[in-house]
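Engineer: Handing you a structure now.
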Amino acid sequence: MEENAITLPGRIPGFKSDDVKVLSSSETKMSVWQVYKSACEASNKQVVSYRKFLQLWEQFCPNVVIAKPMTDLCSTCQQNTTKLQQAANLSETEKIECIKAQQEHLNSAQAERDFYKYACNLSEKTIESLENDNLLDLRSRSACSLTATIHYSFDYAQQVHIPSNPMQPRPIYFKTPRKCEIFGVICEGFPRQVNFLIDEAASTGKGANATISYVHYYFENYGLGETDAHLHADNCAGQNKNNYFLWYLSWRILMLLHQTITYSFLIAGHTKFGPDRCFGLIKKVFKVTRISSIYEFAQLVDNSSSVGINKAQLVATHNGRVIVPVYDWASFLGRYFKKILNIKSFHHFRFSKEKPRMVYCKEHVSAPEQSFMLLKNAACVPPVSLPQ
């Protein structure tokens, strides 16, 4: 057990030992006991009860603890903290620079967080006023049918394995389970999150083509038909923060599917936002529920919240029928658009129908905008039809 743990001195509040070992949050004492039980049964040795196992754990291994689930770890914060901890032999000037760098980073992260909260609150107030005036018709979702700004966020969750049994009997433990990816898109104004359940047979990876296809399907089937959309995502370059996604958003403007689109990112390592809360509700129920198929998992997602915040959307069925197709957006749009250099340095992108061929970028929320031409040829516009 201790061989699979990592030593993190001082990370456990109230624990004074200098040799604290922390198991990952994906492990539990129950899962460790089940491994122990299986090993004893395989060697024909007596197995102690789970309660006795916990007592022995506290008696002989008090320095081995289970890490609590945490938010994303920021490498910049860790590096700055390490410098501050090792600053005893540094000059006063170097100490001041360390503190200043950390403060600037935290201020930047807080500014982006405040901007995210502002966008969510504004969208919530907009939807509330539309509902009060009976102007929000969910039966009519045609593009640009609702004159309003609506905020959406999306992200991938950690994949789950099916079948799942909280007690994890021995035959299941030694078999390879079926993987199911989860991609969630939430409209914070309601709030309501649509969770795309991606069976491993239908998975095409977590690249740009898949992410764009799921977001496109969401707009077509669950979006409110707003004229102006504000999107938030994390900083994963392979999924969200890439030129292909910018091309897709520009394509939506050119096809008159939106009038304006703002695409924003939180600071890397400080990306805890709306989808994570909904994923947490799903995982909480998943840990204590027996699941035999993706259809049962979809039912679990729908019932994971008493207020109906989560909704399941199958990407494909077990028999191979595709419900949510994944298109080759990269090849389709690559013929008409060109790439922007240093895209990772920007955290805000804006598209507008006034200049649909341009993208306006900002390094942070209070920075000045920079404009870039996205189309290779201003006279050559991509077609309306979807890629194959």
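Residue numbering restarts at 1 for every chain of the structure tokens, chains are lettered A, B, ... in their displayed order, and ligands are numbered from 1 as they appear.
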Write out as a ChimeraX atom specification the residues lying within 9 Å of region 227-233 of chain A, counting only C-alpha atoms and excluding same-chain residues fewer than 3 positions away.
Structural biologist: /A:116,119,143-155,236,240-241,257-266,271,273
Engineer: Using N, CA and C atoms, can you export the residues from the last selection as a compact mmCIF listing (two decimals), in the first residue's frame?
Structural biologist:
# COMPACT_ATOMS: atom_id res chain seq x y z
N TYR A 116 -15.91 35.36 -15.18
CA TYR A 116 -16.74 34.18 -15.40
C TYR A 116 -18.03 34.27 -14.57
N ALA A 119 -20.42 36.81 -16.11
CA ALA A 119 -21.09 36.30 -17.30
C ALA A 119 -22.21 35.33 -16.93
N ALA A 143 -31.97 29.28 -35.18
CA ALA A 143 -30.83 30.17 -34.96
C ALA A 143 -31.26 31.62 -34.94
N CYS A 144 -30.72 32.37 -33.99
CA CYS A 144 -30.97 33.81 -33.84
C CYS A 144 -32.45 34.15 -33.67
N SER A 145 -33.21 33.23 -33.09
CA SER A 145 -34.63 33.50 -32.83
C SER A 145 -34.84 34.18 -31.49
N LEU A 146 -33.81 34.22 -30.64
CA LEU A 146 -33.91 34.84 -29.32
C LEU A 146 -32.87 35.94 -29.22
N THR A 147 -33.34 37.17 -29.08
CA THR A 147 -32.43 38.32 -28.98
C THR A 147 -31.95 38.43 -27.54
N ALA A 148 -30.84 37.77 -27.25
CA ALA A 148 -30.31 37.75 -25.90
C ALA A 148 -28.90 37.18 -25.92
N THR A 149 -28.18 37.39 -24.82
CA THR A 149 -26.85 36.81 -24.64
C THR A 149 -26.96 35.68 -23.62
N ILE A 150 -26.61 34.47 -24.03
CA ILE A 150 -26.70 33.29 -23.18
C ILE A 150 -25.30 32.72 -22.98
N HIS A 151 -25.02 32.29 -21.76
CA HIS A 151 -23.69 31.79 -21.41
C HIS A 151 -23.69 30.27 -21.31
N TYR A 152 -22.68 29.63 -21.90
CA TYR A 152 -22.51 28.18 -21.86
C TYR A 152 -21.08 27.86 -21.45
N SER A 153 -20.92 26.72 -20.77
CA SER A 153 -19.59 26.21 -20.44
C SER A 153 -19.55 24.73 -20.79
N PHE A 154 -18.38 24.22 -21.13
CA PHE A 154 -18.28 22.80 -21.48
C PHE A 154 -16.91 22.25 -21.09
N ASP A 155 -16.90 20.92 -20.83
CA ASP A 155 -15.66 20.28 -20.39
C ASP A 155 -15.85 18.77 -20.44
N CYS A 236 -7.30 23.34 -22.24
CA CYS A 236 -6.75 22.18 -22.95
C CYS A 236 -6.62 22.49 -24.44
N ASN A 240 -10.05 22.27 -26.75
CA ASN A 240 -10.80 23.53 -26.82
C ASN A 240 -10.01 24.71 -27.36
N LYS A 241 -8.82 24.90 -26.83
CA LYS A 241 -8.06 26.10 -27.16
C LYS A 241 -7.15 25.83 -28.35
N LEU A 257 -25.55 31.78 -37.82
CA LEU A 257 -26.09 30.99 -36.72
C LEU A 257 -25.98 31.74 -35.39
N HIS A 258 -25.11 32.73 -35.34
CA HIS A 258 -25.00 33.67 -34.23
C HIS A 258 -24.61 35.02 -34.79
N GLN A 259 -24.93 36.07 -34.03
CA GLN A 259 -24.50 37.40 -34.42
C GLN A 259 -23.16 37.77 -33.79
N THR A 260 -22.97 37.37 -32.54
CA THR A 260 -21.68 37.55 -31.87
C THR A 260 -21.40 36.31 -31.01
N ILE A 261 -20.14 35.99 -30.87
CA ILE A 261 -19.70 34.89 -29.99
C ILE A 261 -18.46 35.36 -29.24
N THR A 262 -18.49 35.18 -27.92
CA THR A 262 -17.31 35.44 -27.09
C THR A 262 -16.85 34.11 -26.52
N TYR A 263 -15.58 33.82 -26.67
CA TYR A 263 -15.02 32.54 -26.25
C TYR A 263 -13.92 32.83 -25.24
N SER A 264 -14.12 32.41 -23.97
CA SER A 264 -13.21 32.78 -22.89
C SER A 264 -12.65 31.55 -22.19
N PHE A 265 -11.49 31.75 -21.55
CA PHE A 265 -10.81 30.67 -20.83
C PHE A 265 -10.39 31.17 -19.46
N LEU A 266 -10.53 30.29 -18.47
CA LEU A 266 -9.98 30.57 -17.16
C LEU A 266 -8.48 30.27 -17.15
N THR A 271 -9.36 26.32 -13.05
CA THR A 271 -10.46 26.14 -14.00
C THR A 271 -11.66 25.41 -13.40
N PHE A 273 -15.20 25.13 -12.62
CA PHE A 273 -16.36 25.92 -13.04
C PHE A 273 -17.59 25.03 -13.16
Engineer: Sort by chain and increasing residue number a table of all residues of region 180-295 of chain A within 12 Å of region 120-140 of chain A, each with its closest pair of atoms and their distance in Å to one decimal, counting only C-alpha atoms, and write it as JSON lines.
Structural biologist:
{"residue": "A:Ile186", "atom": "CA", "partner": "A:Cys120", "partner_atom": "CA", "distance": 10.7}
{"residue": "A:Cys187", "atom": "CA", "partner": "A:Ser123", "partner_atom": "CA", "distance": 8.7}
{"residue": "A:Glu188", "atom": "CA", "partner": "A:Cys120", "partner_atom": "CA", "distance": 5.9}
{"residue": "A:Gly189", "atom": "CA", "partner": "A:Glu124", "partner_atom": "CA", "distance": 3.8}
{"residue": "A:Phe190", "atom": "CA", "partner": "A:Glu124", "partner_atom": "CA", "distance": 6.7}
{"residue": "A:Pro191", "atom": "CA", "partner": "A:Glu124", "partner_atom": "CA", "distance": 8.2}
{"residue": "A:Arg192", "atom": "CA", "partner": "A:Glu124", "partner_atom": "CA", "distance": 11.5}
{"residue": "A:Glu220", "atom": "CA", "partner": "A:Ser140", "partner_atom": "CA", "distance": 11.2}
{"residue": "A:Asn221", "atom": "CA", "partner": "A:Ser140", "partner_atom": "CA", "distance": 10.4}
{"residue": "A:Tyr222", "atom": "CA", "partner": "A:Leu138", "partner_atom": "CA", "distance": 8.8}
{"residue": "A:Gly223", "atom": "CA", "partner": "A:Leu138", "partner_atom": "CA", "distance": 8.9}
{"residue": "A:Leu224", "atom": "CA", "partner": "A:Leu138", "partner_atom": "CA", "distance": 6.7}
{"residue": "A:Gly225", "atom": "CA", "partner": "A:Ser140", "partner_atom": "CA", "distance": 7.8}
{"residue": "A:Glu226", "atom": "CA", "partner": "A:Leu136", "partner_atom": "CA", "distance": 10.3}
{"residue": "A:Asp228", "atom": "CA", "partner": "A:Ser123", "partner_atom": "CA", "distance": 10.8}
{"residue": "A:Ala229", "atom": "CA", "partner": "A:Ser123", "partner_atom": "CA", "distance": 9.8}
{"residue": "A:His230", "atom": "CA", "partner": "A:Ser123", "partner_atom": "CA", "distance": 9.0}
{"residue": "A:Leu231", "atom": "CA", "partner": "A:Cys120", "partner_atom": "CA", "distance": 10.2}
{"residue": "A:His232", "atom": "CA", "partner": "A:Cys120", "partner_atom": "CA", "distance": 9.9}
{"residue": "A:Phe273", "atom": "CA", "partner": "A:Cys120", "partner_atom": "CA", "distance": 10.4}
{"residue": "A:Gly274", "atom": "CA", "partner": "A:Cys120", "partner_atom": "CA", "distance": 9.3}
Engineer: Compare A:Ala268, A:Leu254, A:Leu300, A:Leu333 by their minimum atom-to-atom distance to Glu354 (chain A), counting only C-alpha atoms, and give me the closest one.
Structural biologist: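 Closest to Glu354 (chain A), using only C-alpha atoms: A:Leu254.
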Engineer: Which one is closest to Ser345 (chain A): A:Asp276, A:Asp328, A:Glu363, A:Asp114? Count only C-alpha atoms.
Structural biologist: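 When distances to Ser345 (chain A) are compared using only C-alpha atoms, the smallest one comes from A:Glu363.
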Engineer: Would you return as a ChimeraX atom specification the members of region 95-279 of chain A that DSSP assigns to strand (DSSP E or B) on this structure's backbone?
Structural biologist: /A:146-162,164,178-187,192-199,226-233,260-265
Engineer: For the residues in that selection, give me C-alpha atoms as a short mmCIF file (atom, residue, chain, number, x, y, z; two decimals), in the first residue's frame.
Structural biologist:
data_model
loop_
_atom_site.label_atom_id
_atom_site.label_comp_id
_atom_site.auth_asym_id
_atom_site.auth_seq_id
_atom_site.Cartn_x
_atom_site.Cartn_y
_atom_site.Cartn_z
CA LEU A 146 -33.91 34.84 -29.32
CA THR A 147 -32.43 38.32 -28.98
CA ALA A 148 -30.31 37.75 -25.90
CA THR A 149 -26.85 36.81 -24.64
CA ILE A 150 -26.70 33.29 -23.18
CA HIS A 151 -23.69 31.79 -21.41
CA TYR A 152 -22.51 28.18 -21.86
CA SER A 153 -19.59 26.21 -20.44
CA PHE A 154 -18.28 22.80 -21.48
CA ASP A 155 -15.66 20.28 -20.39
CA TYR A 156 -14.75 16.59 -20.28
CA ALA A 157 -15.10 14.56 -17.09
CA GLN A 158 -12.96 11.65 -16.03
CA GLN A 159 -14.21 8.55 -17.81
CA VAL A 160 -16.19 5.89 -15.93
CA HIS A 161 -16.17 2.11 -16.30
CA ILE A 162 -19.14 -0.16 -16.93
CA SER A 164 -19.86 -0.88 -11.99
CA ARG A 178 -16.03 -1.00 -20.73
CA LYS A 179 -15.02 2.66 -20.81
CA CYS A 180 -17.48 5.53 -21.12
CA GLU A 181 -16.36 9.12 -21.65
CA ILE A 182 -18.46 12.08 -20.48
CA PHE A 183 -18.61 15.49 -22.15
CA GLY A 184 -20.85 18.09 -20.54
CA VAL A 185 -22.28 21.38 -21.83
CA ILE A 186 -24.08 23.54 -19.29
CA CYS A 187 -26.28 26.58 -19.71
CA ARG A 192 -29.03 22.58 -16.94
CA GLN A 193 -26.23 20.38 -18.25
CA VAL A 194 -26.40 17.96 -21.16
CA ASN A 195 -23.93 15.11 -20.65
CA PHE A 196 -22.80 13.30 -23.79
CA LEU A 197 -22.13 9.66 -22.88
CA ILE A 198 -19.54 8.26 -25.27
CA ASP A 199 -19.21 4.48 -25.31
CA GLU A 226 -29.73 33.12 -28.95
CA THR A 227 -28.27 35.85 -31.12
CA ASP A 228 -25.22 36.27 -28.86
CA ALA A 229 -23.36 33.40 -27.18
CA HIS A 230 -20.68 33.51 -24.51
CA LEU A 231 -18.65 30.31 -24.08
CA HIS A 232 -16.24 29.26 -21.35
CA ALA A 233 -13.84 26.29 -21.42
CA THR A 260 -21.68 37.55 -31.87
CA ILE A 261 -19.70 34.89 -29.99
CA THR A 262 -17.31 35.44 -27.09
CA TYR A 263 -15.02 32.54 -26.25
CA SER A 264 -13.21 32.78 -22.89
CA PHE A 265 -10.81 30.67 -20.83
#
Engineer: Have a look at A:Thr28, A:Ser385, A:Gln110, A:Gln59 and name the one nearest to Tyr327 (chain A); count only C-alpha atoms.
Structural biologist: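 Closest residue, counting only C-alpha atoms: A:Ser385.
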Engineer: Skip Ala210 (chain A) itself and residues of its chain fewer than 3 positions away, then list as a list in words all residues within 10 Å of it, counting only C-alpha atoms.
Structural biologist: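 In the requested format, the answer is Phe183, Ser203, Thr204, Gly205, Lys206, Gly207, Ser213, Tyr214, Val215, His216, Gln239, Val324, Pro325, Val326, Tyr327, Asp328 and Trp329 of chain A.
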Engineer: For the residues selected in the previous step, produce a file with N, CA and C atoms as a PDB file, in the first residue's frame.
Structural biologist:
ATOM      1  N   PHE A 183     -18.854  14.101 -21.731  1.00  0.00           N
ATOM      2  CA  PHE A 183     -18.612  15.490 -22.149  1.00  0.00           C
ATOM      3  C   PHE A 183     -19.861  16.290 -21.804  1.00  0.00           C
ATOM      4  N   SER A 203     -16.134   6.100 -29.486  1.00  0.00           N
ATOM      5  CA  SER A 203     -15.195   7.160 -29.169  1.00  0.00           C
ATOM      6  C   SER A 203     -14.214   7.396 -30.317  1.00  0.00           C
ATOM      7  N   THR A 204     -14.005   8.653 -30.651  1.00  0.00           N
ATOM      8  CA  THR A 204     -13.014   9.049 -31.644  1.00  0.00           C
ATOM      9  C   THR A 204     -11.877   9.838 -30.985  1.00  0.00           C
ATOM     10  N   GLY A 205     -11.780   9.716 -29.646  1.00  0.00           N
ATOM     11  CA  GLY A 205     -10.781  10.480 -28.925  1.00  0.00           C
ATOM     12  C   GLY A 205     -11.349  11.798 -28.438  1.00  0.00           C
ATOM     13  N   LYS A 206     -10.522  12.539 -27.720  1.00  0.00           N
ATOM     14  CA  LYS A 206     -10.953  13.831 -27.172  1.00  0.00           C
ATOM     15  C   LYS A 206     -10.329  14.996 -27.923  1.00  0.00           C
ATOM     16  N   GLY A 207     -10.184  14.838 -29.228  1.00  0.00           N
ATOM     17  CA  GLY A 207      -9.593  15.892 -30.040  1.00  0.00           C
ATOM     18  C   GLY A 207     -10.580  16.975 -30.406  1.00  0.00           C
ATOM     19  N   SER A 213     -17.944  18.738 -32.601  1.00  0.00           N
ATOM     20  CA  SER A 213     -19.159  18.033 -33.013  1.00  0.00           C
ATOM     21  C   SER A 213     -20.182  17.980 -31.888  1.00  0.00           C
ATOM     22  N   TYR A 214     -19.733  17.748 -30.657  1.00  0.00           N
ATOM     23  CA  TYR A 214     -20.658  17.693 -29.526  1.00  0.00           C
ATOM     24  C   TYR A 214     -21.241  19.078 -29.235  1.00  0.00           C
ATOM     25  N   VAL A 215     -20.409  20.106 -29.290  1.00  0.00           N
ATOM     26  CA  VAL A 215     -20.906  21.466 -29.075  1.00  0.00           C
ATOM     27  C   VAL A 215     -21.883  21.850 -30.180  1.00  0.00           C
ATOM     28  N   HIS A 216     -21.577  21.475 -31.425  1.00  0.00           N
ATOM     29  CA  HIS A 216     -22.471  21.766 -32.546  1.00  0.00           C
ATOM     30  C   HIS A 216     -23.822  21.067 -32.361  1.00  0.00           C
ATOM     31  N   GLN A 239      -8.315  19.970 -27.074  1.00  0.00           N
ATOM     32  CA  GLN A 239      -9.771  19.892 -27.121  1.00  0.00           C
ATOM     33  C   GLN A 239     -10.431  21.217 -27.459  1.00  0.00           C
ATOM     34  N   VAL A 324     -25.040  10.909 -32.306  1.00  0.00           N
ATOM     35  CA  VAL A 324     -24.334  12.192 -32.436  1.00  0.00           C
ATOM     36  C   VAL A 324     -23.119  11.969 -33.324  1.00  0.00           C
ATOM     37  N   PRO A 325     -23.177  12.344 -34.587  1.00  0.00           N
ATOM     38  CA  PRO A 325     -22.042  12.101 -35.494  1.00  0.00           C
ATOM     39  C   PRO A 325     -20.863  13.024 -35.189  1.00  0.00           C
ATOM     40  N   VAL A 326     -19.676  12.536 -35.407  1.00  0.00           N
ATOM     41  CA  VAL A 326     -18.445  13.327 -35.257  1.00  0.00           C
ATOM     42  C   VAL A 326     -17.920  13.638 -36.657  1.00  0.00           C
ATOM     43  N   TYR A 327     -17.848  14.913 -37.006  1.00  0.00           N
ATOM     44  CA  TYR A 327     -17.421  15.343 -38.331  1.00  0.00           C
ATOM     45  C   TYR A 327     -15.933  15.700 -38.347  1.00  0.00           C
ATOM     46  N   ASP A 328     -15.375  15.701 -39.522  1.00  0.00           N
ATOM     47  CA  ASP A 328     -13.975  16.087 -39.700  1.00  0.00           C
ATOM     48  C   ASP A 328     -13.913  17.597 -39.944  1.00  0.00           C
ATOM     49  N   TRP A 329     -14.114  18.356 -38.876  1.00  0.00           N
ATOM     50  CA  TRP A 329     -14.127  19.813 -38.983  1.00  0.00           C
ATOM     51  C   TRP A 329     -12.754  20.369 -39.365  1.00  0.00           C
TER      52      TRP A 329
END
Engineer: In Å, how far is it from CA of Pro382 (chain A) to CA of Ile253 (chain A)?
Structural biologist: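 Taking CA of Pro382 (chain A) as the start and CA of Ile253 (chain A) as the end point, the length is 11.4 Å.
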Engineer: Would you mind listing what lies within 12 Å of region 284-286 of chain A as a PyMOL selection string, with only C-alpha atoms counted and same-chain residues fewer than 5 positions away left out?
Structural biologist: chain A and resi 69+159-166+277-279+291-292+296-306
